[in-house]
Amino acid sequence: AKYFSLGYNDDAQEYFDYKTLDQDVDKIREEILALNHLETGNPLVPYGAMNGQKCVINKVQFINHRWIIADFYSGAVHGEVLIKYFYSPEKPTDFSTIETVLYSTQ
């Protein structure tokens, strides 16, 4: 699992400025989590509201300089979303959902 992690991938880290890597990753994570506050839920999760509860992203793991995997939930339903991103320090990060996996605890 460490092999597929930004923290252990020197090639992916070269995309970022080594001096600001931690701050850049924190900024991207905050941008993703801020989307949870939208009335319809996090738009990176393509399911909208389920059973009257919006989908929100809970955990974020950086795979490399282009992909993120995140855990999301909406009440009794949860899943994972694979996100493609393009980061530039001067502007908001561009996100797009690649794929999702949905689980139900019912």
# chains A, B, ... in the order shown; residues from 1 in each chain; ligands from 1
call {"tool": "residues_around", "arguments": {"residues": "stretch 20-32 of chain A", "least_positions_apart": "4", "cutoff": "9 Å", "atoms": "only C-alpha atoms", "output": "list in words"}}
result
Gln13, Phe16, Asn36, Asn42, Leu44, Ile57, Val60, Gln61, Phe62, Tyr87, Pro89, Pro92, Thr93 and Phe95 of chain A
call {"tool": "write_last_selection", "arguments": {"atoms": "N, CA, C and O atoms", "output": "mmCIF file, in the first residue's frame"}}
result
data_model
loop_
_atom_site.group_PDB
_atom_site.id
_atom_site.type_symbol
_atom_site.label_atom_id
_atom_site.label_comp_id
_atom_site.auth_asym_id
_atom_site.auth_seq_id
_atom_site.Cartn_x
_atom_site.Cartn_y
_atom_site.Cartn_z
ATOM 1 N N GLN A 13 6.209 13.029 -6.504
ATOM 2 C CA GLN A 13 6.546 14.185 -5.673
ATOM 3 C C GLN A 13 7.255 15.262 -6.479
ATOM 4 O O GLN A 13 7.154 16.441 -6.155
ATOM 5 N N PHE A 16 5.338 18.355 -7.559
ATOM 6 C CA PHE A 16 5.149 19.417 -6.573
ATOM 7 C C PHE A 16 6.505 20.036 -6.224
ATOM 8 O O PHE A 16 7.549 19.457 -6.467
ATOM 9 N N ASN A 36 -17.998 19.204 0.659
ATOM 10 C CA ASN A 36 -19.010 18.532 1.487
ATOM 11 C C ASN A 36 -20.080 19.498 1.974
ATOM 12 O O ASN A 36 -21.194 19.092 2.284
ATOM 13 N N ASN A 42 -21.202 16.469 -1.726
ATOM 14 C CA ASN A 42 -19.955 16.602 -2.462
ATOM 15 C C ASN A 42 -20.168 16.172 -3.916
ATOM 16 O O ASN A 42 -20.518 15.016 -4.175
ATOM 17 N N LEU A 44 -18.157 15.402 -6.151
ATOM 18 C CA LEU A 44 -17.249 14.356 -6.616
ATOM 19 C C LEU A 44 -17.841 12.963 -6.411
ATOM 20 O O LEU A 44 -17.370 11.996 -6.980
ATOM 21 N N ILE A 57 -17.512 13.272 1.590
ATOM 22 C CA ILE A 57 -16.231 12.569 1.613
ATOM 23 C C ILE A 57 -15.667 12.652 3.014
ATOM 24 O O ILE A 57 -15.661 13.709 3.642
ATOM 25 N N VAL A 60 -9.353 10.971 2.661
ATOM 26 C CA VAL A 60 -8.706 11.233 1.378
ATOM 27 C C VAL A 60 -7.300 10.650 1.422
ATOM 28 O O VAL A 60 -6.549 10.921 2.366
ATOM 29 N N GLN A 61 -6.944 9.860 0.389
ATOM 30 C CA GLN A 61 -5.597 9.292 0.294
ATOM 31 C C GLN A 61 -5.031 9.625 -1.083
ATOM 32 O O GLN A 61 -5.642 9.308 -2.107
ATOM 33 N N PHE A 62 -3.881 10.262 -1.117
ATOM 34 C CA PHE A 62 -3.218 10.614 -2.369
ATOM 35 C C PHE A 62 -2.446 9.407 -2.873
ATOM 36 O O PHE A 62 -1.555 8.905 -2.184
ATOM 37 N N TYR A 87 -3.320 20.003 -10.144
ATOM 38 C CA TYR A 87 -3.037 21.040 -9.160
ATOM 39 C C TYR A 87 -2.168 22.132 -9.756
ATOM 40 O O TYR A 87 -1.194 21.862 -10.468
ATOM 41 N N PRO A 89 -0.671 25.879 -7.977
ATOM 42 C CA PRO A 89 -0.722 26.712 -6.780
ATOM 43 C C PRO A 89 -1.462 28.032 -6.981
ATOM 44 O O PRO A 89 -1.985 28.602 -6.037
ATOM 45 N N PRO A 92 -7.639 27.251 -8.200
ATOM 46 C CA PRO A 92 -8.263 26.082 -7.558
ATOM 47 C C PRO A 92 -7.915 24.791 -8.301
ATOM 48 O O PRO A 92 -7.729 24.794 -9.524
ATOM 49 N N THR A 93 -7.838 23.716 -7.578
ATOM 50 C CA THR A 93 -7.524 22.414 -8.156
ATOM 51 C C THR A 93 -8.686 21.940 -9.017
ATOM 52 O O THR A 93 -9.847 22.116 -8.662
ATOM 53 N N PHE A 95 -10.797 18.946 -10.343
ATOM 54 C CA PHE A 95 -11.119 17.577 -9.965
ATOM 55 C C PHE A 95 -12.099 16.964 -10.952
ATOM 56 O O PHE A 95 -12.982 17.659 -11.458
#
call {"tool": "select_by_dssp", "arguments": {"residues": "chain A", "states": "strand (DSSP E or B)", "output": "PyMOL selection string"}}
result
chain A and resi 50+53+56-62+67-74+77-88+91-104
call {"tool": "write_last_selection", "arguments": {"atoms": "N, CA and C atoms", "output": "CSV table (one decimal), in the first residue's frame"}}
result
chain,number,residue,atom,x,y,z
A,50,MET,N,-29.1,10.5,-0.8
A,50,MET,CA,-29.7,9.2,-0.7
A,50,MET,C,-30.4,9.0,0.7
A,53,GLN,N,-30.1,12.0,2.9
A,53,GLN,CA,-28.8,12.5,3.4
A,53,GLN,C,-27.9,12.7,2.2
A,56,VAL,N,-21.0,12.8,1.5
A,56,VAL,CA,-19.9,13.6,1.9
A,56,VAL,C,-18.6,12.7,1.9
A,57,ILE,N,-17.5,13.3,1.6
A,57,ILE,CA,-16.2,12.6,1.6
A,57,ILE,C,-15.7,12.7,3.0
A,58,ASN,N,-15.2,11.5,3.5
A,58,ASN,CA,-14.7,11.4,4.9
A,58,ASN,C,-13.2,11.3,4.9
A,59,LYS,N,-12.6,10.5,4.1
A,59,LYS,CA,-11.1,10.3,4.1
A,59,LYS,C,-10.6,10.4,2.7
A,60,VAL,N,-9.4,11.0,2.7
A,60,VAL,CA,-8.7,11.2,1.4
A,60,VAL,C,-7.3,10.6,1.4
A,61,GLN,N,-6.9,9.9,0.4
A,61,GLN,CA,-5.6,9.3,0.3
A,61,GLN,C,-5.0,9.6,-1.1
A,62,PHE,N,-3.9,10.3,-1.1
A,62,PHE,CA,-3.2,10.6,-2.4
A,62,PHE,C,-2.4,9.4,-2.9
A,67,TRP,N,-4.0,11.1,-9.0
A,67,TRP,CA,-5.1,10.3,-8.5
A,67,TRP,C,-5.2,10.4,-7.0
A,68,ILE,N,-6.5,10.4,-6.6
A,68,ILE,CA,-6.8,10.4,-5.2
A,68,ILE,C,-7.9,9.3,-5.0
A,69,ILE,N,-7.8,8.6,-3.9
A,69,ILE,CA,-8.9,7.7,-3.6
A,69,ILE,C,-9.5,8.2,-2.3
A,70,ALA,N,-10.8,8.3,-2.2
A,70,ALA,CA,-11.5,8.9,-1.1
A,70,ALA,C,-12.7,8.0,-0.6
A,71,ASP,N,-12.9,8.0,0.7
A,71,ASP,CA,-14.1,7.3,1.3
A,71,ASP,C,-15.2,8.3,1.4
A,72,PHE,N,-16.4,7.8,1.1
A,72,PHE,CA,-17.6,8.7,1.3
A,72,PHE,C,-18.7,7.9,2.0
A,73,TYR,N,-19.7,8.7,2.5
A,73,TYR,CA,-20.8,8.1,3.2
A,73,TYR,C,-22.0,9.0,3.0
A,74,SER,N,-23.2,8.3,3.1
A,74,SER,CA,-24.5,9.0,3.2
A,74,SER,C,-25.4,8.1,4.0
A,77,VAL,N,-25.3,4.1,3.6
A,77,VAL,CA,-24.6,3.8,2.4
A,77,VAL,C,-23.2,4.5,2.4
A,78,HIS,N,-22.2,3.7,2.0
A,78,HIS,CA,-20.9,4.3,1.9
A,78,HIS,C,-20.2,3.7,0.7
A,79,GLY,N,-19.0,4.3,0.4
A,79,GLY,CA,-18.3,3.8,-0.8
A,79,GLY,C,-17.0,4.5,-0.9
A,80,GLU,N,-16.4,4.3,-2.1
A,80,GLU,CA,-15.1,4.9,-2.4
A,80,GLU,C,-15.2,5.5,-3.8
A,81,VAL,N,-14.4,6.6,-4.0
A,81,VAL,CA,-14.4,7.3,-5.2
A,81,VAL,C,-13.0,7.5,-5.7
A,82,LEU,N,-12.7,7.3,-6.9
A,82,LEU,CA,-11.4,7.5,-7.5
A,82,LEU,C,-11.5,8.9,-8.2
A,83,ILE,N,-10.6,9.8,-7.9
A,83,ILE,CA,-10.6,11.2,-8.4
A,83,ILE,C,-9.3,11.5,-9.1
A,84,LYS,N,-9.5,12.1,-10.3
A,84,LYS,CA,-8.3,12.6,-11.0
A,84,LYS,C,-8.2,14.1,-10.7
A,85,TYR,N,-7.0,14.6,-10.5
A,85,TYR,CA,-6.9,16.0,-10.2
A,85,TYR,C,-5.7,16.6,-10.9
A,86,PHE,N,-5.8,17.9,-11.1
A,86,PHE,CA,-4.7,18.7,-11.6
A,86,PHE,C,-4.5,19.9,-10.7
A,87,TYR,N,-3.3,20.0,-10.1
A,87,TYR,CA,-3.0,21.0,-9.2
A,87,TYR,C,-2.2,22.1,-9.8
A,88,SER,N,-2.5,23.4,-9.5
A,88,SER,CA,-1.7,24.5,-9.8
A,88,SER,C,-1.8,25.4,-8.5
A,91,LYS,N,-4.3,28.6,-8.7
A,91,LYS,CA,-5.7,28.6,-9.0
A,91,LYS,C,-6.3,27.3,-8.3
A,92,PRO,N,-7.6,27.3,-8.2
A,92,PRO,CA,-8.3,26.1,-7.6
A,92,PRO,C,-7.9,24.8,-8.3
A,93,THR,N,-7.8,23.7,-7.6
A,93,THR,CA,-7.5,22.4,-8.2
A,93,THR,C,-8.7,21.9,-9.0
A,94,ASP,N,-8.4,21.4,-10.1
A,94,ASP,CA,-9.4,20.8,-11.1
A,94,ASP,C,-9.6,19.3,-10.7
A,95,PHE,N,-10.8,18.9,-10.3
A,95,PHE,CA,-11.1,17.6,-10.0
A,95,PHE,C,-12.1,17.0,-11.0
A,96,SER,N,-12.0,15.7,-11.2
A,96,SER,CA,-13.0,14.9,-11.9
A,96,SER,C,-13.1,13.5,-11.4
A,97,THR,N,-14.3,13.0,-11.3
A,97,THR,CA,-14.5,11.6,-10.8
A,97,THR,C,-14.2,10.6,-11.9
A,98,ILE,N,-13.4,9.6,-11.6
A,98,ILE,CA,-13.1,8.6,-12.5
A,98,ILE,C,-14.0,7.4,-12.4
A,99,GLU,N,-14.2,7.0,-11.1
A,99,GLU,CA,-15.1,5.8,-10.9
A,99,GLU,C,-15.5,5.8,-9.4
A,100,THR,N,-16.5,5.1,-9.1
A,100,THR,CA,-17.0,4.9,-7.7
A,100,THR,C,-17.3,3.5,-7.4
A,101,VAL,N,-17.3,3.1,-6.2
A,101,VAL,CA,-17.8,1.8,-5.7
A,101,VAL,C,-18.7,2.1,-4.5
A,102,LEU,N,-19.9,1.5,-4.6
A,102,LEU,CA,-20.9,1.8,-3.6
A,102,LEU,C,-21.2,0.5,-2.8
A,103,TYR,N,-21.3,0.7,-1.4
A,103,TYR,CA,-21.6,-0.4,-0.5
A,103,TYR,C,-22.8,0.0,0.3
A,104,SER,N,-23.6,-1.0,0.7
A,104,SER,CA,-24.7,-0.7,1.6
A,104,SER,C,-24.6,-1.6,2.8
call {"tool": "atom_distance", "arguments": {"atom1": "atom CA of A:His37", "atom2": "atom CA of A:Tyr15"}}
result
29.2 Å
call {"tool": "select_by_dssp", "arguments": {"residues": "chain A", "states": "alpha helix (DSSP H)", "output": "VMD selection string"}}
result
chain A and resid 10 to 13 21 to 34
call {"tool": "write_last_selection", "arguments": {"atoms": "C-alpha atoms", "output": "short mmCIF file (atom, residue, chain, number, x, y, z; two decimals), in the first residue's frame"}}
result
data_model
loop_
_atom_site.label_atom_id
_atom_site.label_comp_id
_atom_site.auth_asym_id
_atom_site.auth_seq_id
_atom_site.Cartn_x
_atom_site.Cartn_y
_atom_site.Cartn_z
CA ASP A 10 9.53 10.24 -5.65
CA ASP A 11 8.46 10.57 -9.29
CA ALA A 12 5.03 11.88 -8.29
CA GLN A 13 6.55 14.18 -5.67
CA LEU A 21 4.57 19.49 -0.72
CA ASP A 22 2.83 19.13 2.65
CA GLN A 23 1.08 22.50 2.31
CA ASP A 24 0.01 21.69 -1.26
CA VAL A 25 -1.45 18.32 -0.23
CA ASP A 26 -3.25 19.94 2.71
CA LYS A 27 -4.70 22.61 0.38
CA ILE A 28 -6.00 19.99 -2.06
CA ARG A 29 -7.49 17.92 0.78
CA GLU A 30 -9.21 21.02 2.18
CA GLU A 31 -10.63 21.85 -1.26
CA ILE A 32 -12.16 18.36 -1.49
CA LEU A 33 -13.60 18.44 2.02
CA ALA A 34 -14.99 21.96 1.50
#
call {"tool": "atom_distance", "arguments": {"atom1": "atom CA of A:Gly52", "atom2": "atom CA of A:Glu39"}}
result
11.7 Å
call {"tool": "atom_distance", "arguments": {"atom1": "atom CA of A:Tyr8", "atom2": "atom CA of A:Pro43"}}
result
28.9 Å
